[in-house]
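Chemist: I'd like to ask some things about the structure below.
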Amino acid sequence: MTKEEKQEKYRKNREKHIKNRKTQIIAMIIVPVIGIVITLIVNSAGNSRQAEIEAAAVLDSMSVGEFAGQNANGTAIYTGTVSAVDPVSTRRKNGDYIYYHHKVEQVTKVYHKESDKYDTSTMTLSDESDTCREIAIDDVILPYAAFKNLPVYGETSNEGADNNYEKTTFSYTPDSVDGSFFLKCKDGKVSSASYYASSDVAGESRKIYNSARIIMWAAIIVIEICLVISVINTSKAIKFNGEKASGR
């Protein structure tokens with residue numbers, strides 16, 4: 001490659017890096033703007049849910065069925081236990097469940113001396129899941145799909161050698177769940193039941209939306225830091241290629 005060809009190559013590289021830096025700078029501006037827009041949407045949704053919860057009736061002397069019958073499109077908070085009417089089970093595990101997901105994978109690790117690294121391959125041996133069809137809440141029976149955010153617990157275990165083993169993942173919702181449920185009624189029937197772990201439904205809902213904002217902005221900060229580093233590195237590459245293109 002002649003000197004002129006090398007200089008042309010560096011010149012093209014410099015132009016490419018200049019375009020990349022422009023894109024990175026635009027992204028640095030756009031990402032926070034997107035974050036602000038999403039924050040406004042989350043705030044609006046959070047305020048709307050807080051207003052609904054504050055307006056909801058707390059069921060202590062009235063059953064869920066009675067409330068729905070007397071408040072065709074009302075909202076209420078029920079604290080108690082919900083249970084699967086037709087719990088599901090798996091032959092691989094003892095117990096009854098509202099929901100389960102059982103997955104077994106074969107994990108193989110092969111060491112490569114040249115690169116001093118392991119290549120990991122995973123093959124699914126079995127993957128099964130199921131849910132009950134109906135869940136009883138007080139004196140009302142609702143379809144499984146009407147329940148939102150039911151807790152899911154998980155277990156993971158490995159069997160075999162470190163470089164060749166079976167990985168079993170089991171996630172589930174037990175057949176009975178204690179908690180508080182934010183109920184929405186439509187046309188005299190309960191249309192949805194959102195689960196909360198504590199009786200302080202308003203406080204827990206507020207924490208959920210606050211956590212969502214914190215996680216989102218933490219991610220945005222990480223992205224911005226990565227973009228700043230990328231712009232700095234790209235600027236160095238532009239300077240380097242510029243010097244080489246000019247023959248220095």
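Every chain in the structure tokens has a letter given in the order shown (A, B, ...), and although residue numbers restart at 1 in each chain, ligands are simply numbered from 1 in the order shown.
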How would you write, as a ChimeraX atom specification, the set of residues in segment 1-179 of chain A that DSSP gives as helix (DSSP H, G or I)?
Modeler: /A:3-55,64-70,144-146
Chemist: Grab the residues selected above and save them as a short mmCIF file (atom, residue, chain, number, x, y, z; two decimals), in the first residue's frame with C-alpha atoms.
Modeler:
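Output file result.cif is given in full below:
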```cif
data_model
loop_
_atom_site.label_atom_id
_atom_site.label_comp_id
_atom_site.auth_asym_id
_atom_site.auth_seq_id
_atom_site.Cartn_x
_atom_site.Cartn_y
_atom_site.Cartn_z
CA LYS A 3 1.69 6.36 1.23
CA GLU A 4 -1.16 8.07 -0.64
CA GLU A 5 -3.39 5.00 -0.22
CA LYS A 6 -2.66 4.87 3.50
CA GLN A 7 -3.46 8.56 3.86
CA GLU A 8 -6.73 8.03 1.97
CA LYS A 9 -7.61 5.17 4.29
CA TYR A 10 -6.95 7.32 7.36
CA ARG A 11 -8.97 10.14 5.83
CA LYS A 12 -11.98 7.84 5.31
CA ASN A 13 -11.61 6.47 8.85
CA ARG A 14 -11.56 10.01 10.18
CA GLU A 15 -14.77 10.87 8.30
CA LYS A 16 -16.43 7.71 9.60
CA HIS A 17 -15.45 8.55 13.19
CA ILE A 18 -16.72 12.11 12.78
CA LYS A 19 -20.12 10.74 11.73
CA ASN A 20 -20.10 8.31 14.64
CA ARG A 21 -19.28 11.08 17.11
CA LYS A 22 -22.12 13.19 15.76
CA THR A 23 -24.51 10.25 16.29
CA GLN A 24 -23.18 9.71 19.82
CA ILE A 25 -23.62 13.38 20.74
CA ILE A 26 -27.18 13.35 19.41
CA ALA A 27 -27.86 10.22 21.48
CA MET A 28 -26.47 11.98 24.58
CA ILE A 29 -29.10 14.68 24.08
CA ILE A 30 -31.98 12.38 23.14
CA VAL A 31 -31.62 9.79 25.93
CA PRO A 32 -32.34 12.24 28.83
CA VAL A 33 -35.23 13.74 26.85
CA ILE A 34 -36.73 10.27 26.46
CA GLY A 35 -36.17 9.75 30.19
CA ILE A 36 -38.08 12.93 31.00
CA VAL A 37 -40.99 11.90 28.76
CA ILE A 38 -41.15 8.43 30.34
CA THR A 39 -40.94 10.00 33.81
CA LEU A 40 -43.94 12.20 33.03
CA ILE A 41 -45.87 9.14 31.82
CA VAL A 42 -44.91 7.15 34.94
CA ASN A 43 -45.85 10.08 37.18
CA SER A 44 -49.23 10.37 35.47
CA ALA A 45 -49.89 6.64 35.81
CA GLY A 46 -48.74 6.68 39.43
CA ASN A 47 -50.94 9.64 40.35
CA SER A 48 -53.91 8.02 38.61
CA ARG A 49 -53.39 4.75 40.51
CA GLN A 50 -52.98 6.62 43.83
CA ALA A 51 -56.24 8.44 43.23
CA GLU A 52 -58.01 5.14 42.47
CA ILE A 53 -56.61 3.51 45.62
CA GLU A 54 -57.54 6.46 47.83
CA ALA A 55 -61.10 6.38 46.46
CA VAL A 64 -66.39 -9.04 47.63
CA GLY A 65 -69.54 -10.36 45.97
CA GLU A 66 -71.78 -7.99 47.89
CA PHE A 67 -69.60 -5.01 47.01
CA ALA A 68 -69.58 -5.86 43.31
CA GLY A 69 -73.36 -6.28 43.35
CA GLN A 70 -73.89 -2.88 44.96
CA TYR A 144 -56.73 -16.66 36.56
CA ALA A 145 -56.22 -13.88 33.99
CA ALA A 146 -58.10 -11.41 36.22
#
```
Chemist: At most 8 Å is the cut-off: for each residue in segment 72-137 of chain A with any atom that close to an atom of segment 161-184 of chain A, write down the nearest atom pair and the distance in Å rounded to one decimal, counting only C-alpha atoms, chain first then increasing number, as CSV.
Modeler:
```
residue,atom,partner,partner_atom,distance
A:Asn73,CA,A:Lys184,CA,7.1
A:Gly74,CA,A:Lys184,CA,6.2
A:Thr75,CA,A:Lys184,CA,4.7
A:Ala76,CA,A:Leu183,CA,5.1
A:Ile77,CA,A:Phe182,CA,4.7
A:Tyr78,CA,A:Phe181,CA,5.2
A:Thr79,CA,A:Ser180,CA,4.1
A:Gly80,CA,A:Asp178,CA,5.7
A:Thr81,CA,A:Asp178,CA,4.4
A:Val82,CA,A:Val177,CA,5.4
A:Ser83,CA,A:Ser176,CA,4.3
A:Ala84,CA,A:Asp175,CA,5.3
A:Pro87,CA,A:Asp175,CA,6.0
A:Asp96,CA,A:Asp175,CA,5.6
A:Tyr97,CA,A:Asp175,CA,4.1
A:Ile98,CA,A:Asp175,CA,4.7
A:Tyr99,CA,A:Thr173,CA,5.0
A:Tyr100,CA,A:Tyr172,CA,4.1
A:His101,CA,A:Ser171,CA,5.2
A:His102,CA,A:Phe170,CA,4.6
A:Lys103,CA,A:Thr169,CA,5.2
A:Val104,CA,A:Thr168,CA,4.5
A:Glu105,CA,A:Lys167,CA,5.1
A:Gln106,CA,A:Glu166,CA,4.6
A:Val107,CA,A:Tyr165,CA,5.4
A:Thr108,CA,A:Asn164,CA,4.5
A:Lys109,CA,A:Asn163,CA,4.7
A:Val110,CA,A:Asn163,CA,7.1
```
